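J.: Got protein_17.cif for you, mmCIF, C-alpha atoms:
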```
data_final
#
loop_
_atom_site.group_PDB
_atom_site.id
_atom_site.type_symbol
_atom_site.label_atom_id
_atom_site.label_comp_id
_atom_site.auth_asym_id
_atom_site.auth_seq_id
_atom_site.Cartn_x
_atom_site.Cartn_y
_atom_site.Cartn_z
ATOM 1 C CA MET A 216 94.413 83.126 94.840
ATOM 2 C CA SER A 217 96.116 81.072 92.136
ATOM 3 C CA PHE A 218 98.222 82.726 89.473
ATOM 4 C CA ILE A 219 95.639 81.888 86.777
ATOM 5 C CA ASP A 220 92.903 83.488 88.906
ATOM 6 C CA LEU A 221 95.077 86.591 89.308
ATOM 7 C CA ALA A 222 95.716 86.751 85.546
ATOM 8 C CA ARG A 223 91.953 86.508 84.967
ATOM 9 C CA LYS A 224 91.263 89.198 87.591
ATOM 10 C CA ARG A 225 93.636 91.807 86.127
ATOM 11 C CA ILE A 226 91.866 94.215 83.814
ATOM 12 C CA SER A 227 92.657 97.583 82.259
ATOM 13 C CA VAL A 228 91.133 100.261 84.495
ATOM 14 C CA ARG A 229 90.294 103.647 82.996
ATOM 15 C CA GLY A 230 88.810 105.388 85.992
ATOM 16 C CA PHE A 231 90.204 105.816 89.488
ATOM 17 C CA LYS A 232 88.958 106.991 92.856
ATOM 18 C CA PRO A 233 90.820 110.070 94.139
ATOM 19 C CA ASP A 234 92.062 108.193 97.222
ATOM 20 C CA PRO A 235 95.846 108.263 97.582
ATOM 21 C CA VAL A 236 97.695 105.003 97.098
ATOM 22 C CA PRO A 237 99.198 103.943 100.430
ATOM 23 C CA ARG A 238 102.999 103.979 100.390
ATOM 24 C CA SER A 239 103.060 100.277 101.360
ATOM 25 C CA VAL A 240 100.980 99.379 98.287
ATOM 26 C CA LEU A 241 103.116 101.526 95.995
ATOM 27 C CA GLU A 242 106.302 99.965 97.369
ATOM 28 C CA GLN A 243 104.954 96.438 96.799
ATOM 29 C CA VAL A 244 104.029 97.250 93.208
ATOM 30 C CA LEU A 245 107.454 98.789 92.572
ATOM 31 C CA GLU A 246 109.167 95.820 94.231
ATOM 32 C CA ALA A 247 107.375 93.474 91.837
ATOM 33 C CA GLY A 248 108.824 95.486 88.942
ATOM 34 C CA ARG A 249 112.285 95.517 90.511
ATOM 35 C CA LEU A 250 112.213 91.731 90.879
ATOM 36 C CA ALA A 251 111.208 91.141 87.250
ATOM 37 C CA PRO A 252 113.617 89.126 85.142
ATOM 38 C CA SER A 253 115.571 90.816 82.375
ATOM 39 C CA ALA A 254 117.866 89.550 79.633
ATOM 40 C CA VAL A 255 121.293 88.739 81.118
ATOM 41 C CA ASN A 256 119.997 90.409 84.326
ATOM 42 C CA TYR A 257 121.021 93.825 82.962
ATOM 43 C CA GLN A 258 117.881 95.480 84.415
ATOM 44 C CA PRO A 259 117.874 98.369 81.890
ATOM 45 C CA TYR A 260 114.830 100.053 83.404
ATOM 46 C CA ARG A 261 113.953 102.682 85.943
ATOM 47 C CA PHE A 262 110.592 103.585 87.460
ATOM 48 C CA ILE A 263 109.621 107.234 87.833
ATOM 49 C CA VAL A 264 106.787 107.724 90.332
ATOM 50 C CA VAL A 265 104.580 110.730 89.602
ATOM 51 C CA GLU A 266 102.209 111.560 92.458
ATOM 52 C CA ALA A 267 101.808 115.345 92.684
ATOM 53 C CA GLU A 268 98.744 116.580 90.806
ATOM 54 C CA LYS A 269 100.703 119.336 89.082
ATOM 55 C CA GLU A 270 103.252 116.797 87.806
ATOM 56 C CA ARG A 271 100.556 114.325 86.731
ATOM 57 C CA ASN A 272 98.889 117.112 84.743
ATOM 58 C CA ARG A 273 102.209 117.995 83.114
ATOM 59 C CA LEU A 274 102.732 114.350 82.159
ATOM 60 C CA ALA A 275 99.162 114.173 80.838
ATOM 61 C CA ALA A 276 100.214 116.517 78.026
ATOM 62 C CA ALA A 277 101.828 113.397 76.539
ATOM 63 C CA TYR A 278 98.596 111.407 76.917
ATOM 64 C CA PRO A 279 95.666 113.846 77.068
ATOM 65 C CA ARG A 280 92.865 111.533 78.177
ATOM 66 C CA GLU A 281 90.610 112.739 80.964
ATOM 67 C CA TRP A 282 90.514 109.347 82.694
ATOM 68 C CA PHE A 283 94.347 109.321 82.830
ATOM 69 C CA ARG A 284 94.300 112.429 85.036
ATOM 70 C CA THR A 285 92.115 110.632 87.600
ATOM 71 C CA ALA A 286 94.897 108.235 88.655
ATOM 72 C CA PRO A 287 96.492 109.307 91.947
ATOM 73 C CA VAL A 288 99.819 107.773 90.881
ATOM 74 C CA ILE A 289 101.464 107.277 87.504
ATOM 75 C CA ILE A 290 104.491 105.044 87.248
ATOM 76 C CA VAL A 291 106.572 105.812 84.172
ATOM 77 C CA VAL A 292 108.830 103.013 83.011
ATOM 78 C CA VAL A 293 111.908 104.203 81.173
ATOM 79 C CA GLY A 294 114.440 101.961 79.480
ATOM 80 C CA ASP A 295 118.137 102.445 78.843
ATOM 81 C CA THR A 296 118.591 101.594 75.185
ATOM 82 C CA GLU A 297 122.390 101.528 75.495
ATOM 83 C CA SER A 298 122.747 99.183 78.457
ATOM 84 C CA ALA A 299 120.089 96.643 77.447
ATOM 85 C CA TRP A 300 121.149 93.252 76.138
ATOM 86 C CA LYS A 301 121.359 92.924 72.364
ATOM 87 C CA ARG A 302 120.817 89.647 70.536
ATOM 88 C CA SER A 303 123.419 88.490 67.989
ATOM 89 C CA ASP A 304 121.361 90.047 65.169
ATOM 90 C CA GLY A 305 121.413 93.404 66.972
ATOM 91 C CA ARG A 306 117.838 93.199 68.344
ATOM 92 C CA ASN A 307 117.706 95.378 71.462
ATOM 93 C CA TYR A 308 115.750 93.784 74.314
ATOM 94 C CA VAL A 309 114.985 96.974 76.260
ATOM 95 C CA ASP A 310 111.306 96.818 75.229
ATOM 96 C CA VAL A 311 111.007 93.198 76.323
ATOM 97 C CA ASP A 312 112.727 93.794 79.659
ATOM 98 C CA CYS A 313 110.549 96.812 80.430
ATOM 99 C CA ALA A 314 107.412 94.928 79.371
ATOM 100 C CA ILE A 315 108.173 92.137 81.824
ATOM 101 C CA ALA A 316 108.619 94.685 84.632
ATOM 102 C CA VAL A 317 105.331 96.414 83.739
ATOM 103 C CA ASP A 318 103.526 93.079 83.656
ATOM 104 C CA HIS A 319 104.845 92.198 87.113
ATOM 105 C CA MET A 320 103.611 95.558 88.424
ATOM 106 C CA THR A 321 100.144 95.230 86.865
ATOM 107 C CA LEU A 322 99.709 91.795 88.421
ATOM 108 C CA ALA A 323 100.986 92.946 91.821
ATOM 109 C CA ALA A 324 98.542 95.859 91.764
ATOM 110 C CA ALA A 325 95.633 93.549 90.886
ATOM 111 C CA ASP A 326 96.656 91.159 93.656
ATOM 112 C CA LEU A 327 96.491 94.084 96.116
ATOM 113 C CA GLY A 328 93.058 95.193 94.850
ATOM 114 C CA TYR A 329 94.338 98.164 92.827
ATOM 115 C CA GLY A 330 93.824 98.994 89.176
ATOM 116 C CA THR A 331 96.221 99.822 86.371
ATOM 117 C CA CYS A 332 96.156 100.348 82.648
ATOM 118 C CA TRP A 333 99.229 99.779 80.536
ATOM 119 C CA VAL A 334 99.574 102.921 78.389
ATOM 120 C CA GLY A 335 101.921 102.974 75.417
ATOM 121 C CA ALA A 336 100.045 105.296 73.039
ATOM 122 C CA PHE A 337 101.574 108.503 74.390
ATOM 123 C CA ASP A 338 103.604 111.200 72.634
ATOM 124 C CA PRO A 339 107.226 110.185 73.379
ATOM 125 C CA ALA A 340 108.686 113.645 72.693
ATOM 126 C CA GLU A 341 106.195 115.266 75.071
ATOM 127 C CA ALA A 342 106.869 112.558 77.660
ATOM 128 C CA ARG A 343 110.616 113.204 77.400
ATOM 129 C CA ARG A 344 110.006 116.914 77.986
ATOM 130 C CA ALA A 345 107.780 116.317 81.015
ATOM 131 C CA LEU A 346 110.253 113.827 82.501
ATOM 132 C CA GLY A 347 113.298 115.986 81.812
ATOM 133 C CA LEU A 348 114.938 113.327 79.626
ATOM 134 C CA ARG A 349 117.240 114.944 77.103
ATOM 135 C CA ASP A 350 119.383 113.160 74.561
ATOM 136 C CA ASP A 351 120.406 110.433 76.957
ATOM 137 C CA PRO A 352 119.703 106.746 76.353
ATOM 138 C CA TRP A 353 116.680 106.660 78.696
ATOM 139 C CA GLU A 354 113.496 106.267 76.698
ATOM 140 C CA PRO A 355 109.943 106.438 78.124
ATOM 141 C CA LEU A 356 108.304 103.125 77.234
ATOM 142 C CA ALA A 357 105.171 102.798 79.366
ATOM 143 C CA PHE A 358 102.864 104.792 81.607
ATOM 144 C CA LEU A 359 101.197 102.825 84.369
ATOM 145 C CA PRO A 360 98.419 104.775 86.113
ATOM 146 C CA LEU A 361 97.711 103.216 89.503
ATOM 147 C CA GLY A 362 94.860 103.640 91.946
ATOM 148 C CA MET A 363 91.699 102.231 93.427
ATOM 149 C CA PRO A 364 89.370 101.425 90.506
ATOM 150 C CA ASP A 365 86.335 103.633 90.015
ATOM 151 C CA ASP A 366 85.055 101.585 87.110
ATOM 152 C CA THR A 367 84.725 97.946 86.255
ATOM 153 C CA GLY A 368 87.228 98.086 83.408
ATOM 154 C CA ARG A 369 86.749 96.722 79.967
ATOM 155 C CA PRO A 370 85.589 93.144 79.503
ATOM 156 C CA LYS A 371 88.504 90.780 79.103
ATOM 157 C CA GLU A 372 88.049 89.100 75.738
ATOM 158 C CA ARG A 373 90.597 86.509 74.714
ATOM 159 C CA LYS A 374 91.040 84.291 71.688
ATOM 160 C CA GLN A 375 90.433 80.589 72.122
ATOM 161 C CA PRO A 376 93.466 78.388 72.897
ATOM 162 C CA GLU A 377 93.321 76.697 69.491
ATOM 163 C CA GLU A 378 93.766 80.114 67.855
ATOM 164 C CA LEU A 379 96.949 80.825 69.812
ATOM 165 C CA ILE A 380 98.701 77.548 70.546
ATOM 166 C CA ARG A 381 100.511 75.112 68.290
ATOM 167 C CA TYR A 382 102.295 72.034 69.535
ATOM 168 C CA GLY A 383 105.474 71.004 67.756
ATOM 169 C CA LEU A 384 107.552 72.424 64.953
ATOM 170 C CA ALA A 385 106.366 73.041 61.420
ATOM 171 C CA PRO A 386 107.118 70.176 59.052
ATOM 172 C CA ALA A 387 110.693 70.205 57.785
ATOM 173 C CA GLU A 388 111.159 71.368 54.232
#
```
When written as structure tokens, how does the structure in this file appear?

T.:
Amino acid sequence: MSFIDLARKRISVRGFKPDPVPRSVLEQVLEAGRLAPSAVNYQPYRFIVVEAEKERNRLAAAYPREWFRTAPVIIVVVGDTESAWKRSDGRNYVDVDCAIAVDHMTLAAADLGYGTCWVGAFDPAEARRALGLRDDPWEPLAFLPLGMPDDTGRPKERKQPEELIRYGLAPAE
């Protein structure tokens, strides 16, 4: 399958079969995240794999959606805000680096026939409690439920290219 076909195939799945994710699949998805590029190659991310039902339920307190509990695996991406590269204006790239890793994992999962949904609308304080993160620099940035899809996902609607793309610089002032 071409990369464009894979990008078209990947959808946000909000319903999963209860089947466990084979370790080989999980390792391939995690490897895709590990191989993701990061600013200055600092790799300021870690992946916390939550598989046990009791732990998934505890994490679900930070994102109390019933469909979220159906995922047999939840990968939590945490970023180290202190070790991430900072641009000359002080902009911290931890969010960008973690986003690239999550994107690699979502595409790897889709390539393997598994579903994901990038979740960012969780309660960060509750997530920190569930993950045991105290006042350290590690910040939960994304939840990535993973499993065999039990739904068809939401339709993938995208803006037209002319709405998103501009060629060349704006006229000089």

J.: Using the chain letters and numbers from the file, give me the residues hit by the PyMOL selection byres ((chain A and resi 314-323) around 8), as number ranges by chain.

T.: A: 221-222, 225, 243-245, 247-253, 292, 310-313, 324-327, 330-333, 357, 359

J.: Please dump the current selection as a PDB file, keeping the file's coordinate frame; keep C-alpha atoms.

T.:
```
ATOM      1  CA  LEU A 221      95.077  86.591  89.308  1.00  0.00           C
ATOM      2  CA  ALA A 222      95.716  86.751  85.546  1.00  0.00           C
ATOM      3  CA  ARG A 225      93.636  91.807  86.127  1.00  0.00           C
ATOM      4  CA  GLN A 243     104.954  96.438  96.799  1.00  0.00           C
ATOM      5  CA  VAL A 244     104.029  97.250  93.208  1.00  0.00           C
ATOM      6  CA  LEU A 245     107.454  98.789  92.572  1.00  0.00           C
ATOM      7  CA  ALA A 247     107.375  93.474  91.837  1.00  0.00           C
ATOM      8  CA  GLY A 248     108.824  95.486  88.942  1.00  0.00           C
ATOM      9  CA  ARG A 249     112.285  95.517  90.511  1.00  0.00           C
ATOM     10  CA  LEU A 250     112.213  91.731  90.879  1.00  0.00           C
ATOM     11  CA  ALA A 251     111.208  91.141  87.250  1.00  0.00           C
ATOM     12  CA  PRO A 252     113.617  89.126  85.142  1.00  0.00           C
ATOM     13  CA  SER A 253     115.571  90.816  82.375  1.00  0.00           C
ATOM     14  CA  VAL A 292     108.830 103.013  83.011  1.00  0.00           C
ATOM     15  CA  ASP A 310     111.306  96.818  75.229  1.00  0.00           C
ATOM     16  CA  VAL A 311     111.007  93.198  76.323  1.00  0.00           C
ATOM     17  CA  ASP A 312     112.727  93.794  79.659  1.00  0.00           C
ATOM     18  CA  CYS A 313     110.549  96.812  80.430  1.00  0.00           C
ATOM     19  CA  ALA A 324      98.542  95.859  91.764  1.00  0.00           C
ATOM     20  CA  ALA A 325      95.633  93.549  90.886  1.00  0.00           C
ATOM     21  CA  ASP A 326      96.656  91.159  93.656  1.00  0.00           C
ATOM     22  CA  LEU A 327      96.491  94.084  96.116  1.00  0.00           C
ATOM     23  CA  GLY A 330      93.824  98.994  89.176  1.00  0.00           C
ATOM     24  CA  THR A 331      96.221  99.822  86.371  1.00  0.00           C
ATOM     25  CA  CYS A 332      96.156 100.348  82.648  1.00  0.00           C
ATOM     26  CA  TRP A 333      99.229  99.779  80.536  1.00  0.00           C
ATOM     27  CA  ALA A 357     105.171 102.798  79.366  1.00  0.00           C
ATOM     28  CA  LEU A 359     101.197 102.825  84.369  1.00  0.00           C
TER      29      LEU A 359
END
```

J.: Identify, on the basis of only C-alpha atoms, every residue whose closest approach to Ala277 (chain A) does not exceed 12 Å; exclude the query and any residue fewer than 3 positions from it along the same chain; express the result as a PyMOL selection string.

T.: chain A and resi 270-274+280+283-284+291+334-346+355+357-358

J.: Give me the box for region 339-354 of chain A as lines of an AutoDock Vina configuration file, namely the centre and edge lengths in Å to one decimal of a box along x, y and z that holds every listed atom plus 8 Å on each side.

T.:
```
center_x = 113.3
center_y = 111.6
center_z = 77.6
size_x = 30.2
size_y = 26.6
size_z = 25.8
```

J.: Figure out the distance between CA of Pro237 (chain A) and CA of Asp220 (chain A), please, to one decimal in Å.

T.: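 So the answer is 24.3 Å.
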
J.: So how far away is CA of Asn307 (chain A) from CA of Asn256 (chain A), in Å?

T.: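 Here the two named atoms are 14.0 Å from each other.
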
J.: Determine the residue membership of the PyMOL selection byres ((chain A and resi 235) around 6) for the file above and supply it as a list in words.

T.: Asp234, Val236 and Pro287 of chain A
